[in-house]
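Okay, structure first, notes after.
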Amino acid sequence: MISNQSRMLVVLVSFVAGLGVSLGLLFFVTGTGSVPPPASAIGGPFHLVDQDNKPISDADLKGKPSLVFFGYTHCPDVCPTTLFDISEIFRALGKDADKVNALFVTVDPERDTPAVLKDYLSAFDPHLKAAAGDAAATAAVEKAFRVYAKKVPAEGGYTMDHTAIVYLMDKDGNFVSPFNLNRKPDESAAALKKYI
C-alpha cells in the first residue's frame, strides 16, 4: 500500500516532468529555446550612408551612448511612434541632448533612399540621424544587431516585418540592453543620462 507521502511525491515528480516536457515543446515550436547571444554579440562594424548621403559607420557613434532603431519610412505605426518617443527623450534631455546619438536604420533600402529618409526625419527631433545602404550592407547591419526583417507582399506593394527594439549602446559601441520607451520621457532621459 502506497502512503500519502509517496503518492504526493509521485504526483509532484509527474507534474515536474510534464512541465519540463511542455516547456521543451514550447521552446522548440516557438524557437525561443535557444540561449540568447551575449551582449557583445549584438552590434559591431557597419558602413552605410546617412540622410545627407554621407558615409556613416559604427565609429561615428563612439564617444556617446546611442539609441539605435531599425524600421522603415512606410511603416504605419510602430516606427513613427518610436521616433516620436525618442524625439521626446531628446526634448527631456535639454542641454544634454548633444551628448547622445540616435540612429534610425532602414530595413527597406529599396524605397528608403537618403533623400526619402531626410524628408521623413524632418518630422522628428533634429538629433535623429538615419542610415541606409544597399541590400548587402543592410543585411550585414541587420545580422550584426540580430535584427529580423522580411518583405511581406501587401495590396499595392509590400510592407516589412521587422524587429522593433530600441538598442541602447554605450560610449564604446557595446550593446547594453533594449531601451524601454514605455515610461515618461523624463524617466527615459534620466535612465539615458547614466551612460553619458
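Identifiers in the C-alpha cells: chain A, B, ... in order shown; residue index from 1 per chain; ligand index from 1 in order shown.
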Write out as a PDB file with C-alpha atoms, in the first residue's frame all residues of stretch 54-191 of chain A that DSSP puts in strand (DSSP E or B) for this structure's backbone.
ATOM      1  CA  PRO A  55      29.244  57.798 -45.058  1.00  0.00           C
ATOM      2  CA  ILE A  56      28.308  56.734 -41.539  1.00  0.00           C
ATOM      3  CA  SER A  57      29.726  53.820 -39.587  1.00  0.00           C
ATOM      4  CA  SER A  66      23.430  55.665 -28.739  1.00  0.00           C
ATOM      5  CA  LEU A  67      19.856  54.625 -29.313  1.00  0.00           C
ATOM      6  CA  VAL A  68      19.668  52.512 -32.473  1.00  0.00           C
ATOM      7  CA  PHE A  69      16.332  51.583 -34.031  1.00  0.00           C
ATOM      8  CA  PHE A  70      15.560  49.619 -37.193  1.00  0.00           C
ATOM      9  CA  GLY A  71      12.476  50.419 -39.239  1.00  0.00           C
ATOM     10  CA  ASN A 101      23.279  59.661 -30.574  1.00  0.00           C
ATOM     11  CA  ALA A 102      20.096  58.300 -32.099  1.00  0.00           C
ATOM     12  CA  LEU A 103      20.204  56.340 -35.347  1.00  0.00           C
ATOM     13  CA  PHE A 104      17.268  55.102 -37.406  1.00  0.00           C
ATOM     14  CA  VAL A 105      18.464  52.322 -39.744  1.00  0.00           C
ATOM     15  CA  THR A 106      16.153  51.441 -42.599  1.00  0.00           C
ATOM     16  CA  LEU A 128      17.964  61.887 -35.022  1.00  0.00           C
ATOM     17  CA  LYS A 129      20.065  60.543 -37.869  1.00  0.00           C
ATOM     18  CA  ALA A 130      19.111  57.915 -40.415  1.00  0.00           C
ATOM     19  CA  ALA A 131      21.189  55.332 -42.228  1.00  0.00           C
ATOM     20  CA  ALA A 132      20.710  53.316 -45.390  1.00  0.00           C
ATOM     21  CA  ALA A 149      13.428  41.916 -41.316  1.00  0.00           C
ATOM     22  CA  LYS A 150      11.320  40.418 -44.075  1.00  0.00           C
ATOM     23  CA  LYS A 151       9.440  41.845 -47.033  1.00  0.00           C
ATOM     24  CA  VAL A 152       5.757  40.891 -46.948  1.00  0.00           C
ATOM     25  CA  PRO A 153       3.571  41.305 -50.063  1.00  0.00           C
ATOM     26  CA  ALA A 154       0.617  43.618 -49.489  1.00  0.00           C
ATOM     27  CA  GLY A 157       3.170  46.806 -52.938  1.00  0.00           C
ATOM     28  CA  TYR A 158       4.714  45.405 -49.791  1.00  0.00           C
ATOM     29  CA  THR A 159       5.258  46.009 -46.118  1.00  0.00           C
ATOM     30  CA  MET A 160       8.140  44.995 -43.851  1.00  0.00           C
ATOM     31  CA  ASP A 161       8.047  42.778 -40.786  1.00  0.00           C
ATOM     32  CA  HIS A 162      10.943  43.753 -38.551  1.00  0.00           C
ATOM     33  CA  VAL A 166      15.490  50.226 -29.492  1.00  0.00           C
ATOM     34  CA  TYR A 167      19.082  49.171 -28.816  1.00  0.00           C
ATOM     35  CA  LEU A 168      20.991  51.062 -26.120  1.00  0.00           C
ATOM     36  CA  MET A 169      24.684  51.094 -26.972  1.00  0.00           C
ATOM     37  CA  PHE A 175      25.230  46.728 -26.508  1.00  0.00           C
ATOM     38  CA  VAL A 176      23.817  47.479 -23.046  1.00  0.00           C
ATOM     39  CA  SER A 177      20.174  46.387 -23.282  1.00  0.00           C
ATOM     40  CA  PRO A 178      16.910  47.057 -25.101  1.00  0.00           C
TER      41      PRO A 178
END
Checklist entry - Which polymer residues have any atom within 12 Å of an atom of stretch 90-94 of chain A, counting only C-alpha atoms, with same-chain residues fewer than 6 positions away left out, as a VMD selection string? => result chain A and resid 66 to 67 83 to 84 100 to 102 124 to 128 184 to 194 196
Item to check | Residues within 12 Å of A:Ala140, only C-alpha atoms, excluding chain neighbours under 4 positions, as number ranges by chain | outcome: A: 43-48, 105, 107, 132-136, 144-149
Output file for the residues above (C-alpha atoms, as a compact mmCIF listing (two decimals), in the first residue's frame):
# COMPACT_ATOMS: atom_id res chain seq x y z
CA GLY A 43 26.22 45.37 -32.74
CA GLY A 44 29.54 45.77 -34.46
CA PRO A 45 31.06 47.31 -37.56
CA PHE A 46 28.77 48.70 -40.25
CA HIS A 47 29.21 51.03 -43.22
CA LEU A 48 26.17 52.88 -44.50
CA VAL A 105 18.46 52.32 -39.74
CA VAL A 107 15.31 47.80 -43.30
CA ALA A 132 20.71 53.32 -45.39
CA GLY A 133 22.74 51.01 -47.56
CA ASP A 134 22.43 48.67 -50.47
CA ALA A 135 20.93 45.22 -49.91
CA ALA A 136 24.26 43.68 -48.83
CA ALA A 144 25.26 42.43 -36.60
CA PHE A 145 22.33 43.64 -34.49
CA ARG A 146 20.41 40.35 -34.69
CA VAL A 147 17.54 42.13 -36.45
CA TYR A 148 14.76 40.22 -38.17
CA ALA A 149 13.43 41.92 -41.32
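Going from atom CA of A:Ala139 over to atom CA of A:Thr163, you cover 13.3 Å.
Picture a line from atom CA of A:Asn180 to atom CA of A:Pro80; it runs 16.1 Å.
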Next on the checklist: Among stretch 60-134 of chain A, which residues does DSSP mark as helix (DSSP H, G or I) when it is run on the backbone? Keep the chain and numbering as in the structure and answer as a PyMOL selection string.
Outcome noted: chain A and resi 60-61+78-99+114-121
Checklist outcome for this item: As a check of understanding: the span from atom CA of A:Asp96 to atom CA of A:Thr82 is 20.1 Å
Checklist entry - Neighbours of A:Thr113 within 9 Å (only C-alpha atoms; same-chain residues fewer than 2 positions away dropped), as number ranges by chain? => result A: 51, 53, 108-111, 115-118, 132-133
Using only N, CA and C atoms, please write the residues we just selected to a file, as an mmCIF file, in the first residue's frame.
data_model
loop_
_atom_site.group_PDB
_atom_site.id
_atom_site.type_symbol
_atom_site.label_atom_id
_atom_site.label_comp_id
_atom_site.auth_asym_id
_atom_site.auth_seq_id
_atom_site.Cartn_x
_atom_site.Cartn_y
_atom_site.Cartn_z
ATOM 1 N N GLN A 51 21.320 60.382 -43.963
ATOM 2 C CA GLN A 51 20.267 61.051 -44.727
ATOM 3 C C GLN A 51 20.801 62.140 -45.649
ATOM 4 N N ASN A 53 23.464 61.521 -47.434
ATOM 5 C CA ASN A 53 24.239 60.690 -48.362
ATOM 6 C C ASN A 53 25.741 60.718 -48.052
ATOM 7 N N ASP A 108 14.434 48.840 -45.322
ATOM 8 C CA ASP A 108 13.788 48.889 -46.630
ATOM 9 C C ASP A 108 14.619 49.742 -47.598
ATOM 10 N N PRO A 109 15.821 49.269 -47.933
ATOM 11 C CA PRO A 109 16.693 50.095 -48.788
ATOM 12 C C PRO A 109 16.140 50.315 -50.195
ATOM 13 N N GLU A 110 15.220 49.480 -50.590
ATOM 14 C CA GLU A 110 14.636 49.620 -51.929
ATOM 15 C C GLU A 110 13.884 50.943 -52.078
ATOM 16 N N ARG A 111 13.182 51.347 -51.021
ATOM 17 C CA ARG A 111 12.398 52.589 -51.080
ATOM 18 C C ARG A 111 13.029 53.729 -50.288
ATOM 19 N N ALA A 115 17.480 60.647 -49.548
ATOM 20 C CA ALA A 115 16.563 61.783 -49.708
ATOM 21 C C ALA A 115 15.220 61.513 -49.032
ATOM 22 N N VAL A 116 14.717 60.288 -49.176
ATOM 23 C CA VAL A 116 13.448 59.913 -48.534
ATOM 24 C C VAL A 116 13.611 59.947 -47.016
ATOM 25 N N LEU A 117 14.726 59.421 -46.528
ATOM 26 C CA LEU A 117 14.980 59.422 -45.085
ATOM 27 C C LEU A 117 15.094 60.848 -44.547
ATOM 28 N N LYS A 118 15.748 61.720 -45.292
ATOM 29 C CA LYS A 118 15.906 63.108 -44.844
ATOM 30 C C LYS A 118 14.540 63.783 -44.712
ATOM 31 N N ALA A 132 21.173 54.237 -44.345
ATOM 32 C CA ALA A 132 20.710 53.316 -45.390
ATOM 33 C C ALA A 132 21.920 52.721 -46.084
ATOM 34 N N GLY A 133 21.684 51.644 -46.784
ATOM 35 C CA GLY A 133 22.744 51.011 -47.560
ATOM 36 C C GLY A 133 22.129 50.177 -48.653
#
